[in-house]
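For reference, input04.csv (CSV, C-alpha atoms):
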```
chain,number,residue,atom,x,y,z
A,11,MET,CA,6.5,20.4,2.9
A,12,LEU,CA,9.3,18.1,1.7
A,13,ILE,CA,8.5,14.9,-0.1
A,14,ARG,CA,11.4,12.5,-0.1
A,15,ALA,CA,11.0,10.5,-3.3
A,16,ILE,CA,12.1,7.0,-4.1
A,17,VAL,CA,12.2,6.2,-7.9
A,18,GLU,CA,11.8,2.7,-9.2
A,19,PHE,CA,11.8,2.4,-13.0
A,20,ASN,CA,12.4,0.3,-16.1
A,21,GLU,CA,11.3,0.3,-19.8
A,22,GLU,CA,7.7,-0.1,-18.7
A,23,GLY,CA,7.5,3.1,-16.7
A,24,TYR,CA,8.1,4.7,-13.3
A,25,MET,CA,6.8,4.0,-9.8
A,26,ILE,CA,7.7,6.8,-7.4
A,27,PHE,CA,7.2,6.4,-3.6
A,28,ALA,CA,7.0,9.2,-1.0
A,29,GLU,CA,9.4,7.8,1.6
A,30,ASN,CA,8.2,10.0,4.4
A,31,PHE,CA,4.6,9.3,3.7
A,32,PRO,CA,4.6,5.4,3.8
A,33,GLY,CA,2.5,3.8,1.2
A,34,ALA,CA,1.9,7.0,-0.9
A,35,PHE,CA,3.0,6.6,-4.5
A,36,SER,CA,2.4,7.6,-8.1
A,37,ARG,CA,3.0,5.9,-11.4
A,38,GLY,CA,3.6,7.1,-15.0
A,39,LYS,CA,5.0,6.0,-18.3
A,40,THR,CA,7.7,8.7,-17.9
A,41,ARG,CA,9.5,10.1,-14.9
A,42,ASP,CA,7.9,13.5,-15.4
A,43,GLU,CA,4.4,12.0,-15.5
A,44,ALA,CA,5.0,10.1,-12.3
A,45,LEU,CA,6.6,13.0,-10.5
A,46,GLY,CA,3.7,15.3,-11.7
A,47,LYS,CA,1.2,13.1,-9.9
A,48,LEU,CA,3.2,12.7,-6.6
A,49,VAL,CA,2.2,15.9,-4.9
A,50,GLY,CA,-1.5,15.3,-5.4
A,51,GLU,CA,-1.1,11.8,-4.1
A,52,VAL,CA,0.7,13.0,-1.0
A,53,ARG,CA,-2.0,15.7,-0.4
A,54,GLN,CA,-4.7,12.9,-0.5
A,55,PHE,CA,-2.5,10.8,1.8
A,56,VAL,CA,-2.1,13.6,4.4
A,57,LEU,CA,-5.8,14.3,4.4
A,58,TRP,CA,-6.4,10.6,4.9
A,59,SER,CA,-3.8,10.0,7.6
A,60,THR,CA,-4.4,13.2,9.6
A,61,GLY,CA,-7.8,14.5,8.7
A,62,VAL,CA,-6.3,17.8,7.9
A,63,LYS,CA,-6.1,19.3,4.4
A,64,CYS,CA,-2.5,20.2,3.5
A,65,SER,CA,-2.1,23.8,2.3
A,66,ASP,CA,1.7,23.9,2.4
A,67,ASP,CA,3.8,24.2,-0.7
A,68,CYS,CA,5.4,20.8,-1.6
A,69,TYR,CA,8.9,20.2,-2.7
A,70,ILE,CA,10.2,16.9,-4.1
A,71,GLU,CA,13.7,15.7,-3.3
A,72,ILE,CA,14.8,12.4,-5.0
A,73,VAL,CA,16.8,10.4,-2.4
A,74,GLN,CA,17.0,7.0,-4.1
A,75,GLU,CA,16.7,5.7,-7.6
A,76,GLU,CA,16.8,2.1,-8.8
A,77,LYS,CA,16.2,0.2,-12.0
A,78,SER,CA,13.8,-2.7,-11.4
A,79,ASP,CA,12.7,-5.9,-13.2
A,80,ALA,CA,9.2,-5.5,-11.7
A,81,CYS,CA,6.1,-5.3,-13.9
A,82,ILE,CA,5.6,-1.6,-13.1
A,83,SER,CA,2.8,-1.2,-15.7
A,84,ASP,CA,0.8,-3.6,-13.6
A,85,ALA,CA,1.8,-1.9,-10.3
A,86,ASP,CA,4.4,-4.4,-9.3
A,87,THR,CA,7.4,-3.4,-7.3
A,88,THR,CA,10.5,-5.0,-5.8
A,89,ILE,CA,12.5,-2.1,-4.4
A,90,ILE,CA,13.6,-1.9,-0.7
A,91,PHE,CA,14.3,1.6,0.5
A,92,ASP,CA,17.7,2.3,2.1
A,93,SER,CA,15.8,3.5,5.2
A,94,GLU,CA,13.9,0.1,5.3
A,95,GLU,CA,17.2,-1.6,6.1
A,96,LEU,CA,17.8,0.2,9.3
A,97,PRO,CA,16.5,-0.6,12.8
A,98,LEU,CA,13.1,0.7,13.8
A,99,ALA,CA,12.6,3.2,16.6
A,100,PHE,CA,9.6,2.3,18.7
A,101,ASN,CA,7.8,5.5,17.9
A,102,GLU,CA,8.3,5.1,14.2
A,103,TYR,CA,7.0,1.5,14.4
A,104,GLN,CA,4.0,2.6,16.4
A,105,TYR,CA,3.2,5.4,13.9
A,106,THR,CA,3.5,3.2,10.8
A,107,LYS,CA,1.6,0.4,12.5
A,108,SER,CA,-1.3,2.8,13.2
A,109,LEU,CA,-1.4,3.7,9.5
A,110,VAL,CA,-1.4,0.0,8.5
A,111,ILE,CA,-4.3,-0.7,10.8
A,112,LYS,CA,-6.2,2.5,9.8
A,113,SER,CA,-5.8,1.5,6.2
A,114,ALA,CA,-7.4,-1.9,6.9
A,115,LYS,CA,-10.2,-0.3,8.8
A,116,ASP,CA,-10.9,2.2,6.1
A,117,PHE,CA,-10.8,-0.5,3.4
A,118,LYS,CA,-14.1,-1.5,4.8
A,119,LEU,CA,-15.6,1.2,2.6
A,120,TYR,CA,-16.5,-2.2,1.2
A,121,ASP,CA,-19.3,-2.4,3.7
A,122,SER,CA,-21.1,0.6,2.1
A,123,ILE,CA,-21.3,-1.2,-1.3
A,124,PRO,CA,-24.8,-2.5,-2.1
A,125,ASP,CA,-23.8,-5.5,-4.2
A,126,VAL,CA,-20.3,-6.9,-3.7
A,127,LYS,CA,-20.6,-9.4,-6.5
A,128,GLN,CA,-21.5,-6.9,-9.2
A,129,THR,CA,-18.9,-5.5,-11.6
A,130,THR,CA,-18.5,-3.6,-14.9
A,131,LEU,CA,-14.8,-4.5,-15.2
A,132,PRO,CA,-13.6,-6.8,-18.0
A,133,ALA,CA,-11.5,-9.8,-17.3
A,134,ARG,CA,-7.8,-9.0,-17.5
A,135,GLN,CA,-4.5,-10.9,-16.8
A,136,THR,CA,-1.5,-9.4,-15.1
A,137,PHE,CA,1.8,-10.8,-13.9
A,138,TYR,CA,0.1,-12.4,-10.9
A,139,GLY,CA,-2.9,-13.8,-12.7
A,140,SER,CA,-6.5,-12.5,-13.1
A,141,ILE,CA,-7.2,-9.1,-11.6
A,142,PRO,CA,-10.0,-9.0,-9.0
A,143,ARG,CA,-13.0,-7.6,-10.7
A,144,THR,CA,-15.9,-7.5,-8.1
A,145,PRO,CA,-15.8,-5.7,-4.8
A,146,GLU,CA,-15.8,-9.1,-3.1
A,147,GLU,CA,-12.8,-10.3,-5.0
A,148,MET,CA,-10.9,-7.0,-4.4
A,149,TYR,CA,-11.6,-7.2,-0.6
A,150,MET,CA,-10.5,-10.9,-0.5
A,151,HIS,CA,-7.3,-10.3,-2.5
A,152,THR,CA,-6.3,-7.3,-0.4
A,153,ASN,CA,-6.8,-9.2,2.8
A,154,GLU,CA,-5.2,-12.4,1.6
A,155,VAL,CA,-1.7,-10.9,1.1
A,156,THR,CA,-1.4,-10.5,4.9
A,157,LYS,CA,-0.1,-13.9,5.4
A,158,SER,CA,2.4,-13.7,2.5
A,159,TYR,CA,3.6,-10.2,3.4
A,160,LEU,CA,4.5,-11.5,6.9
A,161,ASP,CA,6.2,-14.6,5.7
A,162,GLY,CA,9.5,-14.7,7.6
A,163,LEU,CA,8.3,-12.2,10.2
A,164,ALA,CA,5.3,-14.0,11.9
A,165,THR,CA,3.1,-17.0,11.4
A,166,ILE,CA,-0.5,-16.3,10.9
A,167,GLU,CA,-3.6,-17.8,9.4
A,168,ASN,CA,-5.7,-15.2,7.6
A,169,ASN,CA,-8.9,-14.1,9.2
A,170,THR,CA,-11.6,-13.2,6.8
A,171,ASP,CA,-12.1,-9.7,8.4
A,172,ILE,CA,-9.3,-7.4,7.1
A,173,TYR,CA,-9.2,-5.2,10.1
A,174,LEU,CA,-9.1,-8.0,12.6
A,175,ASN,CA,-6.5,-9.8,10.5
A,176,ARG,CA,-4.2,-6.8,10.8
A,177,ILE,CA,-4.7,-6.5,14.5
A,178,ILE,CA,-3.8,-10.2,15.0
A,179,ALA,CA,-0.9,-9.9,12.6
A,180,PHE,CA,0.7,-7.1,14.7
A,181,GLN,CA,0.1,-9.1,17.9
A,182,GLN,CA,2.1,-11.9,16.3
A,183,ILE,CA,4.9,-9.6,15.1
A,184,GLU,CA,5.3,-8.2,18.6
A,185,GLN,CA,5.8,-11.7,20.1
A,186,VAL,CA,9.2,-11.7,18.3
A,187,SER,CA,11.7,-10.4,20.8
A,188,ASN,CA,13.9,-8.5,18.2
A,189,TYR,CA,11.2,-7.3,15.8
A,190,LEU,CA,12.5,-3.7,16.1
A,191,ASP,CA,15.9,-4.8,14.7
A,192,ASN,CA,14.1,-4.8,11.4
A,193,ASN,CA,16.4,-7.4,10.0
A,194,VAL,CA,16.6,-7.7,6.2
A,195,TYR,CA,16.1,-11.1,4.6
A,196,ILE,CA,15.0,-12.6,1.3
A,197,HIS,CA,11.3,-12.9,1.1
A,198,MET,CA,9.2,-15.7,-0.5
A,199,TYR,CA,8.9,-13.4,-3.5
A,200,GLY,CA,12.7,-13.4,-3.9
A,201,GLU,CA,12.9,-9.8,-2.8
A,202,PRO,CA,14.9,-8.2,0.0
A,203,TRP,CA,12.4,-7.6,2.7
A,204,SER,CA,12.0,-6.2,6.2
A,205,LEU,CA,9.3,-5.4,8.7
A,206,LYS,CA,9.4,-1.7,7.7
A,207,LYS,CA,9.1,-2.6,4.0
A,208,ALA,CA,6.2,-5.0,4.8
A,209,MET,CA,4.3,-2.2,6.6
A,210,ARG,CA,4.8,0.3,3.8
A,211,ARG,CA,3.7,-2.4,1.3
A,212,PHE,CA,0.5,-3.0,3.2
A,213,ILE,CA,-0.5,0.6,2.9
A,214,TRP,CA,0.6,0.8,-0.7
A,215,HIS,CA,-1.3,-2.3,-1.7
A,216,ASP,CA,-4.4,-1.2,0.2
A,217,ARG,CA,-4.4,2.1,-1.7
A,218,ILE,CA,-4.1,0.4,-5.1
A,219,HIS,CA,-7.1,-1.8,-4.5
A,220,ALA,CA,-9.2,0.6,-2.4
A,221,LYS,CA,-9.0,3.2,-5.2
A,222,ALA,CA,-10.0,0.6,-7.8
A,223,LEU,CA,-12.8,-0.5,-5.5
A,224,TYR,CA,-14.0,3.0,-4.9
A,225,ARG,CA,-13.8,3.9,-8.6
A,226,LEU,CA,-15.9,0.8,-9.5
A,227,ALA,CA,-18.4,1.4,-6.7
A,228,ILE,CA,-19.2,5.1,-7.4
A,229,GLY,CA,-19.7,4.3,-11.0
A,230,LEU,CA,-22.4,1.8,-10.1
A,231,TRP,CA,-23.9,3.3,-6.9
A,232,GLY,CA,-22.8,6.9,-6.6
A,233,SER,CA,-22.7,8.8,-3.4
A,234,CYS,CA,-23.9,6.1,-1.1
A,235,VAL,CA,-20.4,4.7,-1.2
A,236,VAL,CA,-18.1,6.2,1.4
A,237,ASN,CA,-14.6,7.6,0.6
A,238,PRO,CA,-12.5,7.4,3.8
A,239,PHE,CA,-9.3,7.5,1.7
A,240,HIS,CA,-10.3,10.9,0.2
A,241,PHE,CA,-9.6,9.6,-3.3
A,242,ILE,CA,-10.2,11.9,-6.3
A,243,VAL,CA,-11.2,9.8,-9.2
```
Would you mind writing the file's structure down as structure tokens?
Amino acid sequence: MLIRAIVEFNEEGYMIFAENFPGAFSRGKTRDEALGKLVGEVRQFVLWSTGVKCSDDCYIEIVQEEKSDACISDADTTIIFDSEELPLAFNEYQYTKSLVIKSAKDFKLYDSIPDVKQTTLPARQTFYGSIPRTPEEMYMHTNEVTKSYLDGLATIENNTDIYLNRIIAFQQIEQVSNYLDNNVYIHMYGEPWSLKKAMRRFIWHDRIHAKALYRLAIGLWGSCVVNPFHFIV
């Protein structure tokens, strides 16, 4: 199994994305550390996205590498893949859309948590402000990026249900006649952006916070918390 790797790096560390597994990524202080984690991340991603455990040998090919000014140590990113600047085929759009919606549905592992206001995490500041510490804060933060991620693509008002919010978001996107053109523009964050990048970022962002949510929850409540993403923590 070939993993097409995209490397984003600076003095803080490395973020490596699996281009052909949208949203799968690894991080490390060094290139080797990040690359060493990527295969395991992709295996988890394949199990999550297909329900089938991947037994194939994995090979990594670096297809793009870019220095970034993002706060990589806090899981920030600005890169746009070369492939995210090309028009979208309808079947590719449908496949990636299905993953974005599945990711939102599975984020509702939140519903298995006994007390969404409880936490053991200390307060911490990052480049975007205070980190979400309780399950409730993690859920709200993950859902609230929907409106900002789609700025320039569609106009929505966030629904409080993350799954419903994604469904409505794609309904709005598909009202735009040329959405499959995947036009590149400068996003409100000042980054080059496209529909394909936004979809990949949804899955990536969900995985960051779902993993943090799951790690917190199993530490407090154990096996009653479901693990639809198949995280190994």
Using only C-alpha atoms, find the one residue out of A:Cys64, A:Leu57, A:Ala80, A:Ala44 that sits nearest to A:Met11.
A:Cys64
To one decimal place in Å, what is the distance between atom CA of A:Leu45 and atom CA of A:Ile26?
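Interatomic distance here is 7.0 Å.
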Each stretch 88-149 of chain A residue no farther than 7 Å from stretch 222-237 of chain A, nearest pair in Å, only C-alpha atoms, as JSON lines:
```
{"residue": "A:Leu119", "atom": "CA", "partner": "A:Val236", "partner_atom": "CA", "distance": 5.7}
{"residue": "A:Ser122", "atom": "CA", "partner": "A:Val235", "partner_atom": "CA", "distance": 5.3}
{"residue": "A:Ile123", "atom": "CA", "partner": "A:Val235", "partner_atom": "CA", "distance": 6.0}
{"residue": "A:Pro145", "atom": "CA", "partner": "A:Leu223", "partner_atom": "CA", "distance": 6.0}
{"residue": "A:Met148", "atom": "CA", "partner": "A:Leu223", "partner_atom": "CA", "distance": 6.9}
```
Counting all atoms listed in the file, which of A:Tyr195, A:His240, A:Tyr69, A:Lys157 gets nearest to A:Ile178?
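Checking each of A:Tyr195, A:His240, A:Tyr69, A:Lys157 against A:Ile178, counting all atoms listed in the file, the winner is A:Lys157.
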Give me the residues of stretch 117-188 of chain A that have any atom at most 10 Å from an atom of stretch 85-100 of chain A; for each, the nearest atom pair and the distance in Å, rounded to one decimal. Use all atoms listed in the file, sort by chain and number, and format it as JSON lines.
```
{"residue": "A:Thr136", "atom": "CA", "partner": "A:Ala85", "partner_atom": "CA", "distance": 9.5}
{"residue": "A:Phe137", "atom": "CA", "partner": "A:Asp86", "partner_atom": "CA", "distance": 8.3}
{"residue": "A:Tyr138", "atom": "CA", "partner": "A:Asp86", "partner_atom": "CA", "distance": 9.2}
{"residue": "A:Asn188", "atom": "CA", "partner": "A:Pro97", "partner_atom": "CA", "distance": 9.9}
```
Students should find that atom CA of A:Leu109 and atom CA of A:Met198 are spaced 24.3 Å
Excluding A:His215 and residues on its chain fewer than 2 positions from it, collect all residues at most 12 Å away from it, counting all atoms listed in the file, and give them as a ChimeraX atom specification.
/A:32-35,85-87,110,113-114,117,148-149,151-156,159,207-213,217-222
Name all residues at most 6 Å from A:Ala15 (count all atoms listed in the file; drop same-chain ones fewer than 4 positions away) and give them as an mmCIF file with C-alpha atoms, keeping the file's coordinate frame.
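The result, stored in part.cif:
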```cif
data_model
loop_
_atom_site.group_PDB
_atom_site.id
_atom_site.type_symbol
_atom_site.label_atom_id
_atom_site.label_comp_id
_atom_site.auth_asym_id
_atom_site.auth_seq_id
_atom_site.Cartn_x
_atom_site.Cartn_y
_atom_site.Cartn_z
ATOM 1 C CA PHE A 27 7.200 6.400 -3.600
ATOM 2 C CA ALA A 28 7.000 9.200 -1.000
ATOM 3 C CA GLU A 29 9.400 7.800 1.600
ATOM 4 C CA GLU A 71 13.700 15.700 -3.300
ATOM 5 C CA ILE A 72 14.800 12.400 -5.000
ATOM 6 C CA VAL A 73 16.800 10.400 -2.400
#
```
Could you please determine the separation between atom CA of A:Ser59 and atom CA of A:Lys112 in Å, to one decimal place?
8.2 Å
Looking at all atoms listed in the file, which of A:Ile196, A:Leu131, A:Lys115, A:Gln185 is the one that sits closest to A:Asp171?
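Residue with the minimum atom-to-atom distance to A:Asp171: A:Lys115.
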From the set A:Gly162, A:Ser36, A:Thr170, A:Glu102, which residue has the shortest atom-to-atom contact distance to A:Val186, counting all atoms listed in the file?
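Once distances to A:Val186 are computed over all atoms listed in the file, the minimum belongs to A:Gly162.
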Of the residues A:Thr129, A:Asp42, A:Leu12, A:Tyr105, which is the one nearest to A:Asp67, using all atoms listed in the file?
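Result for the nearest residue to A:Asp67: A:Leu12.
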Tell me which residues come within 6 Å of (-16.9, -10.9, -7.1), as a ChimeraX atom specification, counting all atoms listed in the file in the file's coordinates.
/A:127,144-147
